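To be precise, the following lines are my_file.txt, and they hold compact mmCIF, C-alpha atoms and all ligand atoms.
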# COMPACT_ATOMS: atom_id res chain seq x y z
CA MET A 819 82.71 139.09 64.71
CA ALA A 820 79.74 137.37 66.38
CA VAL A 821 76.74 137.06 64.08
CA ASP A 822 73.34 137.85 65.56
CA LEU A 823 71.50 134.75 64.36
CA ALA A 824 68.03 136.07 65.22
CA ALA A 825 68.61 139.29 63.25
CA THR A 826 69.67 137.45 60.08
CA ASP A 827 67.39 138.22 57.14
CA VAL A 828 67.24 135.01 55.14
CA THR A 829 65.43 136.61 52.17
CA THR A 830 68.11 139.06 50.95
CA VAL A 831 70.07 138.70 47.71
CA ALA A 832 73.32 138.53 49.71
CA PHE A 833 71.98 135.66 51.85
CA LYS A 834 70.70 133.75 48.81
CA ALA A 835 74.13 133.85 47.16
CA ASP A 836 75.45 131.33 49.70
CA PRO A 837 73.10 130.29 52.51
CA PHE A 838 74.94 127.03 53.22
CA PRO A 839 77.54 128.20 55.81
CA PHE A 840 74.74 129.86 57.83
CA TYR A 841 72.69 126.67 57.80
CA ALA A 842 75.77 124.58 58.73
CA ARG A 843 76.27 126.87 61.73
CA LEU A 844 72.60 126.50 62.75
CA ARG A 845 72.72 122.70 62.47
CA HIS A 846 75.73 122.69 64.77
CA ASP A 847 74.90 125.46 67.28
CA SER A 848 71.21 126.20 67.10
CA PRO A 849 69.20 123.66 65.08
CA VAL A 850 65.89 125.41 65.83
CA GLN A 851 66.35 129.13 65.39
CA PRO A 852 63.96 132.10 65.09
CA VAL A 853 64.99 134.60 62.38
CA ARG A 854 63.60 137.76 60.79
CA TRP A 855 60.92 137.07 58.22
CA MET A 856 58.74 139.10 55.91
CA ARG A 857 56.84 142.18 57.07
CA GLY A 858 58.68 142.23 60.39
CA SER A 859 57.48 138.79 61.45
CA THR A 860 59.54 135.89 62.85
CA ALA A 861 60.04 132.45 61.33
CA TRP A 862 61.38 129.43 63.22
CA LEU A 863 63.95 127.60 61.11
CA VAL A 864 64.29 123.83 61.61
CA THR A 865 67.57 122.76 60.03
CA ARG A 866 68.64 119.16 60.82
CA HIS A 867 67.67 116.40 58.37
CA GLY A 868 65.79 114.29 60.96
CA ASP A 869 63.93 117.31 62.39
CA VAL A 870 63.03 118.62 58.91
CA GLU A 871 61.62 115.24 57.90
CA ALA A 872 59.71 114.94 61.20
CA ALA A 873 58.32 118.51 60.87
CA LEU A 874 57.02 117.78 57.36
CA ARG A 875 55.17 114.73 58.72
CA ASP A 876 53.98 116.27 62.02
CA PRO A 877 50.18 116.69 62.18
CA ARG A 878 50.62 119.37 64.87
CA ILE A 879 52.32 121.60 62.29
CA ARG A 880 49.56 122.76 59.95
CA LYS A 881 49.40 124.27 56.48
CA ASP A 882 46.09 126.04 57.06
CA PRO A 883 46.65 128.86 59.60
CA ARG A 884 42.96 128.70 60.57
CA GLU A 885 43.71 125.23 61.97
CA ALA A 886 46.62 126.44 64.11
CA LEU A 887 46.11 130.05 65.17
CA THR A 888 43.75 131.42 67.84
CA SER A 889 41.16 133.97 66.65
CA ALA A 890 43.25 136.77 68.17
CA GLN A 891 46.35 135.55 66.29
CA LEU A 892 44.37 135.22 63.07
CA ALA A 893 43.10 138.79 63.41
CA ASP A 894 46.73 139.97 63.57
CA ALA A 895 47.92 137.83 60.65
CA PRO A 896 48.39 139.52 57.25
CA ARG A 897 45.21 139.21 55.18
CA VAL A 898 45.11 137.70 51.72
CA PRO A 899 43.23 140.03 49.31
CA LYS A 900 39.70 138.69 48.76
CA LEU A 901 40.41 138.35 45.06
CA PHE A 902 43.12 135.72 45.68
CA ALA A 903 41.29 133.86 48.47
CA PRO A 904 39.83 131.08 46.23
CA LEU A 905 43.39 130.30 45.09
CA GLN A 906 44.36 129.40 48.65
CA ARG A 907 42.00 126.44 48.80
CA ASN A 908 44.49 124.28 47.00
CA LEU A 909 46.53 121.22 47.96
CA LEU A 910 49.31 123.21 49.58
CA GLY A 911 46.94 125.25 51.76
CA LEU A 912 44.97 122.38 53.31
CA ASP A 913 45.53 119.65 55.91
CA GLY A 914 44.08 116.27 56.84
CA ALA A 915 40.86 115.07 55.22
CA ASP A 916 40.41 118.27 53.10
CA HIS A 917 43.86 117.75 51.62
CA ASP A 918 43.48 113.97 51.17
CA ARG A 919 40.23 114.49 49.24
CA LEU A 920 41.82 116.89 46.73
CA ARG A 921 44.97 114.81 46.39
CA ARG A 922 42.97 111.63 45.64
CA LEU A 923 41.07 113.42 42.88
CA VAL A 924 44.12 115.13 41.37
CA ARG A 925 46.19 111.93 41.43
CA GLN A 926 43.69 110.35 39.03
CA ALA A 927 44.39 113.06 36.47
CA PHE A 928 48.11 113.76 37.02
CA THR A 929 49.31 110.25 36.29
CA PRO A 930 52.84 108.95 35.56
CA ARG A 931 51.46 107.78 32.18
CA ARG A 932 50.42 111.33 31.23
CA ILE A 933 53.90 112.52 32.23
CA GLU A 934 55.79 109.78 30.36
CA LEU A 935 53.84 110.68 27.22
CA MET A 936 55.55 114.07 27.38
CA ARG A 937 59.09 112.66 26.97
CA GLN A 938 59.40 113.13 23.23
CA GLN A 939 57.80 116.57 23.32
CA VAL A 940 60.15 117.74 26.08
CA GLN A 941 63.13 116.48 24.04
CA GLU A 942 61.94 118.35 20.93
CA LEU A 943 61.42 121.50 22.96
CA ALA A 944 64.90 121.30 24.51
CA ASP A 945 66.46 120.74 21.08
CA GLY A 946 64.47 123.62 19.56
CA LEU A 947 65.56 126.02 22.32
CA LEU A 948 69.21 124.99 21.93
CA ASP A 949 69.02 125.32 18.11
CA GLU A 950 67.86 128.88 18.60
CA ALA A 951 70.56 129.49 21.24
CA ALA A 952 73.29 128.02 19.01
CA ARG A 953 72.36 130.45 16.25
CA ARG A 954 73.08 133.31 18.67
CA GLY A 955 76.12 131.75 20.38
CA SER A 956 75.71 133.59 23.67
CA VAL A 957 72.54 133.19 25.67
CA ASP A 958 71.00 133.65 29.06
CA LEU A 959 70.56 130.08 30.22
CA ILE A 960 67.70 131.15 32.49
CA SER A 961 65.45 133.23 30.22
CA ASP A 962 66.35 131.43 26.98
CA PHE A 963 66.30 127.83 28.19
CA ALA A 964 65.41 127.11 31.82
CA VAL A 965 62.25 129.30 31.79
CA PRO A 966 60.58 128.49 28.44
CA LEU A 967 61.07 124.74 28.78
CA PRO A 968 58.90 124.02 31.87
CA LEU A 969 56.44 126.75 30.98
CA THR A 970 55.72 125.31 27.55
CA VAL A 971 55.59 121.81 29.03
CA ILE A 972 53.07 122.72 31.73
CA ALA A 973 50.95 124.67 29.22
CA ARG A 974 50.77 121.50 27.09
CA VAL A 975 50.08 119.21 30.04
CA ILE A 976 47.24 121.45 31.17
CA GLY A 977 45.86 121.68 27.65
CA VAL A 978 46.37 125.35 26.73
CA PRO A 979 46.12 125.63 22.93
CA GLU A 980 49.50 126.29 21.24
CA GLU A 981 48.46 129.68 19.83
CA LEU A 982 47.79 130.96 23.35
CA THR A 983 51.24 130.04 24.70
CA PRO A 984 52.66 133.62 24.47
CA ARG A 985 49.65 135.05 26.32
CA PHE A 986 49.86 132.18 28.81
CA ARG A 987 53.47 133.22 29.49
CA ALA A 988 52.46 136.82 30.22
CA TRP A 989 49.69 135.69 32.56
CA THR A 990 52.06 133.33 34.34
CA ARG A 991 54.50 136.21 34.85
CA ALA A 992 51.67 138.20 36.47
CA LEU A 993 50.91 135.25 38.70
CA LEU A 994 54.51 134.80 39.79
CA SER A 995 54.84 138.48 40.73
CA VAL A 996 51.79 138.50 43.01
CA THR A 997 53.95 138.55 46.17
CA ASP A 998 56.45 141.17 44.92
CA ARG A 999 54.07 143.50 43.05
CA PRO A 1000 50.48 142.64 44.05
CA LEU A 1001 48.85 145.76 42.61
CA ARG A 1002 50.56 145.59 39.24
CA SER A 1003 49.71 141.93 38.79
CA VAL A 1004 46.00 142.07 39.71
CA ALA A 1005 44.66 142.71 36.18
CA GLY A 1006 46.80 139.92 34.67
CA VAL A 1007 45.82 137.44 37.38
CA LEU A 1008 42.12 138.26 36.94
CA ARG A 1009 42.34 137.75 33.19
CA PHE A 1010 44.17 134.48 33.75
CA MET A 1011 41.58 133.16 36.20
CA ARG A 1012 38.79 134.12 33.81
CA TYR A 1013 40.60 132.26 31.00
CA LEU A 1014 41.17 129.14 33.14
CA ARG A 1015 37.54 129.14 34.30
CA ARG A 1016 36.35 129.19 30.67
CA LEU A 1017 38.82 126.44 29.77
CA VAL A 1018 37.48 124.24 32.60
CA GLU A 1019 33.87 124.85 31.56
CA SER A 1020 34.57 124.11 27.91
CA ARG A 1021 36.52 120.90 28.69
CA SER A 1022 33.72 119.73 31.03
CA ARG A 1023 31.30 119.98 28.11
CA GLU A 1024 33.72 118.66 25.46
CA PRO A 1025 36.68 116.69 26.90
CA TYR A 1026 40.09 116.47 25.19
CA ASP A 1027 43.04 114.26 26.17
CA ASP A 1028 44.48 116.84 28.59
CA LEU A 1029 44.79 117.49 32.30
CA VAL A 1030 41.93 119.99 32.55
CA SER A 1031 39.54 117.48 30.98
CA ALA A 1032 40.86 114.74 33.29
CA LEU A 1033 40.42 116.97 36.37
CA ALA A 1034 36.88 117.89 35.30
CA ALA A 1035 36.07 114.18 34.85
CA ALA A 1036 37.78 112.92 38.05
CA ARG A 1037 35.35 111.23 40.46
CA ASP A 1038 35.77 109.72 43.92
CA GLY A 1039 32.48 108.00 44.78
CA GLY A 1040 29.92 110.79 44.42
CA ASP A 1041 32.59 113.46 44.89
CA ARG A 1042 34.12 115.66 42.19
CA LEU A 1043 36.10 118.88 41.88
CA SER A 1044 34.30 122.22 41.52
CA THR A 1045 35.36 124.71 38.83
CA ASP A 1046 36.93 126.94 41.54
CA GLU A 1047 38.91 124.00 42.90
CA ILE A 1048 40.22 123.10 39.45
CA VAL A 1049 41.24 126.71 38.76
CA ALA A 1050 43.07 126.85 42.12
CA LEU A 1051 44.83 123.58 41.29
CA LEU A 1052 45.90 124.74 37.86
CA VAL A 1053 47.33 127.91 39.37
CA LEU A 1054 49.17 125.81 41.97
CA LEU A 1055 50.58 123.50 39.29
CA LEU A 1056 51.88 126.53 37.46
CA THR A 1057 53.46 128.24 40.42
CA ALA A 1058 54.72 125.07 42.14
CA GLY A 1059 55.86 123.51 38.88
CA HIS A 1060 57.45 126.41 37.12
CA GLU A 1061 60.03 128.31 39.17
CA THR A 1062 61.15 125.14 40.92
CA THR A 1063 62.08 123.44 37.66
CA VAL A 1064 63.74 126.63 36.36
CA ASN A 1065 65.86 126.58 39.52
CA LEU A 1066 66.87 122.96 39.15
CA VAL A 1067 67.87 123.30 35.49
CA GLY A 1068 69.56 126.72 36.00
CA ALA A 1069 71.39 126.04 39.28
CA GLY A 1070 72.06 122.44 38.19
CA ALA A 1071 73.79 123.61 35.00
CA LEU A 1072 75.76 126.17 37.01
CA ALA A 1073 76.89 123.47 39.48
CA LEU A 1074 78.10 121.32 36.58
CA MET A 1075 79.99 124.27 35.06
CA GLU A 1076 81.65 124.79 38.44
CA HIS A 1077 82.46 121.05 38.72
CA PRO A 1078 83.71 120.07 35.23
CA ASP A 1079 84.91 116.68 36.54
CA GLN A 1080 81.32 115.78 37.44
CA ALA A 1081 80.02 117.03 34.05
CA HIS A 1082 82.66 114.78 32.46
CA ARG A 1083 81.47 111.74 34.45
CA LEU A 1084 77.89 112.39 33.31
CA ARG A 1085 78.95 112.68 29.65
CA GLU A 1086 80.94 109.45 29.84
CA ASP A 1087 78.37 107.27 31.58
CA ASP A 1088 74.61 107.42 30.74
CA GLY A 1089 73.92 105.29 33.80
CA LEU A 1090 74.87 108.24 36.01
CA LEU A 1091 72.14 110.53 34.65
CA ARG A 1092 69.41 109.47 37.10
CA PRO A 1093 71.60 109.55 40.25
CA GLY A 1094 73.17 112.72 38.84
CA ILE A 1095 69.80 114.50 38.74
CA GLU A 1096 69.10 113.34 42.32
CA GLU A 1097 72.46 114.80 43.34
CA LEU A 1098 71.68 118.11 41.61
CA LEU A 1099 68.36 118.14 43.49
CA ARG A 1100 70.23 117.60 46.77
CA PHE A 1101 73.08 119.98 46.03
CA THR A 1102 71.02 122.91 44.68
CA SER A 1103 67.77 122.42 46.71
CA PRO A 1104 65.55 124.42 44.28
CA VAL A 1105 62.96 124.73 47.07
CA GLU A 1106 65.16 126.13 49.83
CA THR A 1107 62.58 125.91 52.61
CA ALA A 1108 59.29 124.05 52.57
CA THR A 1109 56.27 126.36 52.38
CA GLU A 1110 54.84 128.04 55.48
CA ARG A 1111 53.46 125.90 58.27
CA TRP A 1112 52.01 126.88 61.65
CA ALA A 1113 52.48 125.32 65.10
CA ALA A 1114 49.03 124.33 66.39
CA GLU A 1115 50.48 123.82 69.90
CA ASP A 1116 53.78 124.37 71.73
CA LEU A 1117 56.31 122.03 70.12
CA LEU A 1118 59.56 120.66 71.52
CA VAL A 1119 62.08 120.22 68.70
CA ALA A 1120 65.78 119.55 69.40
CA ASP A 1121 65.23 120.71 73.02
CA VAL A 1122 63.78 124.06 71.93
CA THR A 1123 60.13 125.03 72.43
CA ILE A 1124 58.49 126.55 69.38
CA PRO A 1125 55.46 128.46 70.75
CA GLN A 1126 51.93 127.72 69.48
CA GLY A 1127 51.00 130.03 66.60
CA SER A 1128 54.59 130.32 65.28
CA LEU A 1129 55.49 130.19 61.62
CA VAL A 1130 57.69 127.10 61.11
CA LEU A 1131 60.00 126.72 58.12
CA ALA A 1132 61.55 123.31 57.47
CA VAL A 1133 64.84 124.18 55.74
CA ILE A 1134 65.24 121.63 52.96
CA ALA A 1135 68.50 123.19 51.73
CA SER A 1136 69.98 122.60 55.18
CA ALA A 1137 68.67 119.04 55.57
CA ASN A 1138 70.20 118.23 52.18
CA ARG A 1139 73.67 119.24 53.44
CA ASP A 1140 73.42 117.60 56.88
CA GLU A 1141 76.79 116.03 57.67
CA GLN A 1142 75.10 113.46 59.95
CA VAL A 1143 73.37 112.00 56.86
CA PHE A 1144 75.57 112.79 53.85
CA VAL A 1145 79.29 112.06 53.56
CA GLU A 1146 81.08 115.28 52.50
CA PRO A 1147 77.78 117.12 52.00
CA ASP A 1148 79.31 120.16 50.25
CA LEU A 1149 80.81 117.94 47.56
CA LEU A 1150 78.93 117.41 44.30
CA ASP A 1151 79.10 113.68 43.53
CA VAL A 1152 76.86 112.61 40.63
CA GLY A 1153 77.22 108.97 41.66
CA ARG A 1154 76.16 109.56 45.30
CA ASN A 1155 74.41 106.53 46.74
CA PRO A 1156 72.41 106.45 48.96
CA ASN A 1157 70.98 109.92 48.54
CA PRO A 1158 68.03 110.45 50.92
CA HIS A 1159 67.57 114.13 49.97
CA LEU A 1160 64.37 115.97 50.84
CA ALA A 1161 64.25 118.20 47.74
CA PHE A 1162 60.67 117.14 46.94
CA GLY A 1163 59.53 117.33 50.58
CA LYS A 1164 58.09 114.45 52.62
CA GLY A 1165 54.76 113.21 53.94
CA ALA A 1166 51.29 114.26 52.81
CA HIS A 1167 52.48 117.22 50.70
CA TYR A 1168 55.30 115.36 48.92
CA CYS A 1169 55.71 116.96 45.49
CA LEU A 1170 52.98 115.83 43.14
CA GLY A 1171 55.04 116.93 40.13
CA ALA A 1172 58.24 115.01 41.04
CA PRO A 1173 58.01 112.62 38.03
CA LEU A 1174 57.51 115.55 35.64
CA ALA A 1175 60.32 117.57 37.24
CA ARG A 1176 62.70 114.59 37.00
CA LEU A 1177 61.79 114.00 33.36
CA GLU A 1178 62.31 117.66 32.43
CA ALA A 1179 65.61 117.89 34.32
CA GLU A 1180 66.96 114.64 32.83
CA ILE A 1181 66.23 115.84 29.32
CA ALA A 1182 67.36 119.45 29.88
CA ILE A 1183 70.67 118.51 31.52
CA SER A 1184 71.55 115.58 29.24
CA THR A 1185 70.76 117.66 26.13
CA LEU A 1186 72.90 120.53 27.40
CA LEU A 1187 75.79 118.17 28.16
CA ARG A 1188 75.57 116.53 24.74
CA ARG A 1189 75.00 119.59 22.60
CA ALA A 1190 77.11 122.12 24.48
CA PRO A 1191 80.28 120.27 25.55
CA HIS A 1192 82.09 123.60 26.09
CA LEU A 1193 79.28 125.26 28.03
CA ARG A 1194 80.78 128.00 30.23
CA ARG A 1195 79.83 131.23 31.93
CA ALA A 1196 80.14 134.23 29.58
CA ASP A 1197 81.99 136.20 32.27
CA PRO A 1198 83.37 133.88 34.94
CA SER A 1199 84.73 136.81 36.96
CA ALA A 1200 81.27 138.41 37.36
CA PRO A 1201 79.34 137.41 40.49
CA VAL A 1202 76.48 134.99 39.88
CA ARG A 1203 73.19 136.88 40.20
CA TRP A 1204 70.65 135.36 42.63
CA ARG A 1205 67.24 136.77 43.40
CA GLY A 1206 66.10 137.71 46.93
CA GLY A 1207 62.89 136.27 48.36
CA ALA A 1208 61.34 133.45 50.30
CA ILE A 1209 60.97 129.67 49.87
CA VAL A 1210 62.78 129.20 46.55
CA ARG A 1211 66.37 129.97 45.56
CA THR A 1212 66.39 131.40 42.07
CA LEU A 1213 69.05 132.61 39.65
CA GLU A 1214 68.24 136.03 38.20
CA SER A 1215 70.20 135.30 35.03
CA LEU A 1216 73.07 133.11 33.84
CA PRO A 1217 74.79 134.39 30.67
CA VAL A 1218 76.71 131.52 29.02
CA LEU A 1219 78.69 130.69 25.90
CA LEU A 1220 77.80 127.44 24.17
C1 LIG A 1301 62.68 120.60 40.55
C2 LIG A 1301 61.40 120.81 40.57
C3 LIG A 1301 60.54 120.75 41.80
C4 LIG A 1301 60.87 120.76 43.13
C5 LIG A 1301 62.26 120.82 43.74
C6 LIG A 1301 59.63 120.68 43.88
C7 LIG A 1301 59.56 120.66 45.25
C8 LIG A 1301 58.38 120.56 45.97
C9 LIG A 1301 58.32 120.53 47.40
C10 LIG A 1301 59.52 120.63 48.36
C11 LIG A 1301 57.01 120.40 47.75
C12 LIG A 1301 56.46 120.31 49.18
C13 LIG A 1301 56.29 121.67 49.78
C14 LIG A 1301 55.87 121.64 51.22
O1 LIG A 1301 55.64 120.56 51.79
O2 LIG A 1301 55.78 122.74 51.80
C15 LIG A 1301 56.24 120.37 46.53
C16 LIG A 1301 54.86 120.26 46.48
C17 LIG A 1301 54.16 120.31 45.29
N1 LIG A 1301 54.68 120.34 44.02
FE1 LIG A 1301 56.62 120.37 43.49
N2 LIG A 1301 58.59 120.63 43.00
C18 LIG A 1301 59.08 120.65 41.72
C19 LIG A 1301 58.36 120.60 40.55
C20 LIG A 1301 57.01 120.47 40.47
C21 LIG A 1301 56.26 120.35 39.24
C22 LIG A 1301 56.87 120.29 37.84
C23 LIG A 1301 54.94 120.32 39.59
C24 LIG A 1301 53.73 120.20 38.73
C25 LIG A 1301 53.60 120.58 37.53
C26 LIG A 1301 54.87 120.40 41.03
C27 LIG A 1301 53.70 120.38 41.76
C28 LIG A 1301 53.63 120.36 43.13
C29 LIG A 1301 52.37 120.33 43.87
C30 LIG A 1301 50.96 120.33 43.29
C31 LIG A 1301 52.70 120.30 45.23
C32 LIG A 1301 51.74 120.28 46.41
C33 LIG A 1301 51.41 118.85 46.79
C34 LIG A 1301 50.50 118.78 48.00
O3 LIG A 1301 50.36 119.77 48.73
O4 LIG A 1301 49.91 117.71 48.21
N3 LIG A 1301 56.14 120.49 41.53
N4 LIG A 1301 57.11 120.46 45.46

Please go through the file and, once you have read it, give me the structure as structure tokens.
Ligand code: HEM
Amino acid sequence: MAVDLAATDVTTVAFKADPFPFYARLRHDSPVQPVRWMRGSTAWLVTRHGDVEAALRDPRIRKDPREALTSAQLADAPRVPKLFAPLQRNLLGLDGADHDRLRRLVRQAFTPRRIELMRQQVQELADGLLDEAARRGSVDLISDFAVPLPLTVIARVIGVPEELTPRFRAWTRALLSVTDRPLRSVAGVLRFMRYLRRLVESRSREPYDDLVSALAAARDGGDRLSTDEIVALLVLLLTAGHETTVNLVGAGALALMEHPDQAHRLREDDGLLRPGIEELLRFTSPVETATERWAAEDLLVADVTIPQGSLVLAVIASANRDEQVFVEPDLLDVGRNPNPHLAFGKGAHYCLGAPLARLEAEIAISTLLRRAPHLRRADPSAPVRWRGGAIVRTLESLPVLL
């Protein structure tokens, strides 16, 4: 039966379960394709590796809709509640000089040294979570391992005191459900922003060795970050840094359970860990599509015109399986070399947290492989549960036996 490509809803649970054949078809037949998007809108999917990379670098495709849409188009666009508006002035919502300014200041604080210092703590956390899991025998790899690990790590990097970690988790949950349940999450988000604002003010007066203090102290000539800008950045680090890492650890572990030969290679040869994590990044694409971008003018991509004002989605999950770039792209090969995947994006918005994500994934996956050599799904006949939604591809749960 012919599939109506334009009517395909790419946010449903059924689609998320296996989007790869659809993307393969688009790359072959229709590499630039409009599809149904949220609230009845249309998104233009760009699916070939070269076009995805070019779109992520193209200055005519903007992050800030005010830079790309006409006033009439802006009036029609869905409005962000006033309450959340300050959160949008973050790295991922800005272009050009506004973005460069923030990125320069944040880079001073979010250094590879600060990340490398976390190595031992991440290892202790992973061991602690697996000790707890081993006591119970059967666990949900998502809620018992993949979620608490990055959340605790980012809380420590930011500088949230240990005793507040449980409350920090509840606030983060509120933050992550803003798109699905905006009304229910408002109170939690407000409390969280109030807490972060106080944290920034207190660290400006009395600095510690943490990221908030470093952000408050960052200077570029006479320029510095305002309290609102730091709060928006912290919220971005949490949202951008949390679910993505959960997805890599969760879907990465699932991929290794489904490819025991590759898990065996990783166990046998430590030297394969780094390329193995890159391959899990390519194979699982935790960020399925890059975040929303807008065409500031009519664009010709792969002989198709994307009209000015359109929402453009660069499909990372498709680029990472492009047969023109990767030999046998649907094969998991932990020794793959070269591996020019786009899992962390490209260009000005390239993932700021990539070193932290790699560190967490290396430790999480190697610790699982070492400590749970018989790791398997609790019920292999049950379908794997994915969550519907946009941008990321997330496992709902993954019950396993250790
Ligand atoms: C496996 C884990 C991760 C993946 C796959 C990932 C992927 C990405 C991608 C694809 C982008 C670019 C989005 C776009 O251009 O639309 C991005 C941006 C970003 N990521 Fe990550 N990310 C991960 C983990 C993290 C972590 C742990 C942090 C920080 C704690 C983080 C912080 C950021 C920030 C701040 C940006 C925006 C950078 C900018 O706009 O200049 N990410 N990430």

- Message: When you look at Val1007 (chain A) with a cut-off of 8 Å (counting all atoms listed in the file), what residues show up, excluding the ones that are within fewer than 6 positions of it in the same chain? I need them as a PyMOL selection string.
- Response: chain A and resi 989+992-993

- May I ask which of the residues A:Pro852, A:Gly1171, A:Gly1006, A:Gly914 is the closest one to ligand LIG 1301 (chain A), counting all atoms listed in the file?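 So, comparing all the options, the nearest one is A:Gly1171.
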
- One-decimal distance in Å that lies between CA of Ala1058 (chain A) and atom C29 of ligand LIG 1301 (chain A):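 Value for the atom C29 of ligand LIG 1301 (chain A)-CA of Ala1058 (chain A) distance: 5.6 Å.
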
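CA of Glu1141 (chain A) to CA of Ala873 (chain A) spans 18.9 Å [interatomic distance, one decimal].
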
- Contacts of Val975 (chain A) at 12 Å or less, counting all atoms listed in the file, minus same-chain residues fewer than 3 places along, as a ChimeraX atom specification? /A:927-937,939-940,968-972,978-980,1026-1033,1052,1055-1056,1059,1171,1174

- Item | Contacts of region 1010-1025 of chain A within 12 Å, all atoms listed in the file, excl. fewer than 4 positions in-chain, as JSON, numbers by chain | {"A": [901, 902, 904, 905, 973, 976, 977, 978, 979, 982, 985, 986, 987, 988, 989, 990, 991, 992, 993, 994, 1003, 1004, 1005, 1006, 1029, 1030, 1031, 1032, 1033, 1034, 1035, 1036, 1042, 1043, 1044, 1045, 1046, 1047, 1048, 1049, 1050, 1051, 1052, 1053, 1056]}

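A straight line drawn from CA of Gly1094 (chain A) to CA of Pro1191 (chain A) is 16.9 Å long.
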
- Task: Please provide the set of residues having any atom within 12 Å of Gln1142 (chain A), restricted to all atoms listed in the file, with same-chain residues fewer than 4 positions apart removed, written as a PyMOL selection string.
- Result: chain A and resi 842+845-846+865-868+1136-1138+1146-1147+1158

- Query: Which residue gives the smallest distance to ligand LIG 1301 (chain A) among A:Ala944, A:Leu1213, A:Leu1160, A:Leu959, with all atoms listed in the file counted?
  - Reply: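 Counting all atoms listed in the file, the residue closest to ligand LIG 1301 (chain A) is A:Leu1160.
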
- Near Gly1153 (chain A), counting only C-alpha atoms, which residues have an atom at most 12 Å away, once you skip same-chain residues fewer than 2 positions from it, shown as a list of chain:residue names? A:Gln1080, A:Ala1081, A:Arg1083, A:Leu1084, A:Asp1087, A:Asp1088, A:Gly1089, A:Leu1090, A:Leu1091, A:Arg1092, A:Pro1093, A:Gly1094, A:Ile1095, A:Glu1096, A:Glu1097, A:Leu1098, A:Leu1149, A:Leu1150, A:Asp1151, A:Asn1155, A:Pro1156, A:Asn1157

- Message: Between A:Val864, A:Leu909, A:Leu887, A:Met1075, which residue has the minimum interatomic distance to Ala1135 (chain A), considering only C-alpha atoms?
- Response: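 Once distances to Ala1135 (chain A) are computed over only C-alpha atoms, the minimum belongs to A:Val864.
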
- Smallest atom-to-atom distance to Leu943 (chain A): which of A:Leu967, A:Leu1177, A:Ala1069, A:Leu912, using only C-alpha atoms?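 Among A:Leu967, A:Leu1177, A:Ala1069, A:Leu912, it is A:Leu967 that comes nearest to Leu943 (chain A).
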
- Item | Closest of A:Gln938, A:Gln906, A:Thr1062, A:Thr860 to ligand LIG 1301 (chain A) - atom-to-atom distances counting all atoms listed in the file | A:Thr1062

How big is the axis-aligned box around the listed atoms of ligand LIG 1301 (chain A) once 8 Å is added on each side, and where is its centre? Give both in Å to one decimal, as lines of an AutoDock Vina configuration file.
center_x = 56.3
center_y = 120.2
center_z = 44.7
size_x = 28.8
size_y = 21.0
size_z = 30.3

- Nearest to ligand LIG 1301 (chain A): which of A:Gly1206, A:Gly946, A:Pro883, A:Gly1163 is it, counting all atoms listed in the file?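 Distance minimum relative to ligand LIG 1301 (chain A) lands on A:Gly1163.
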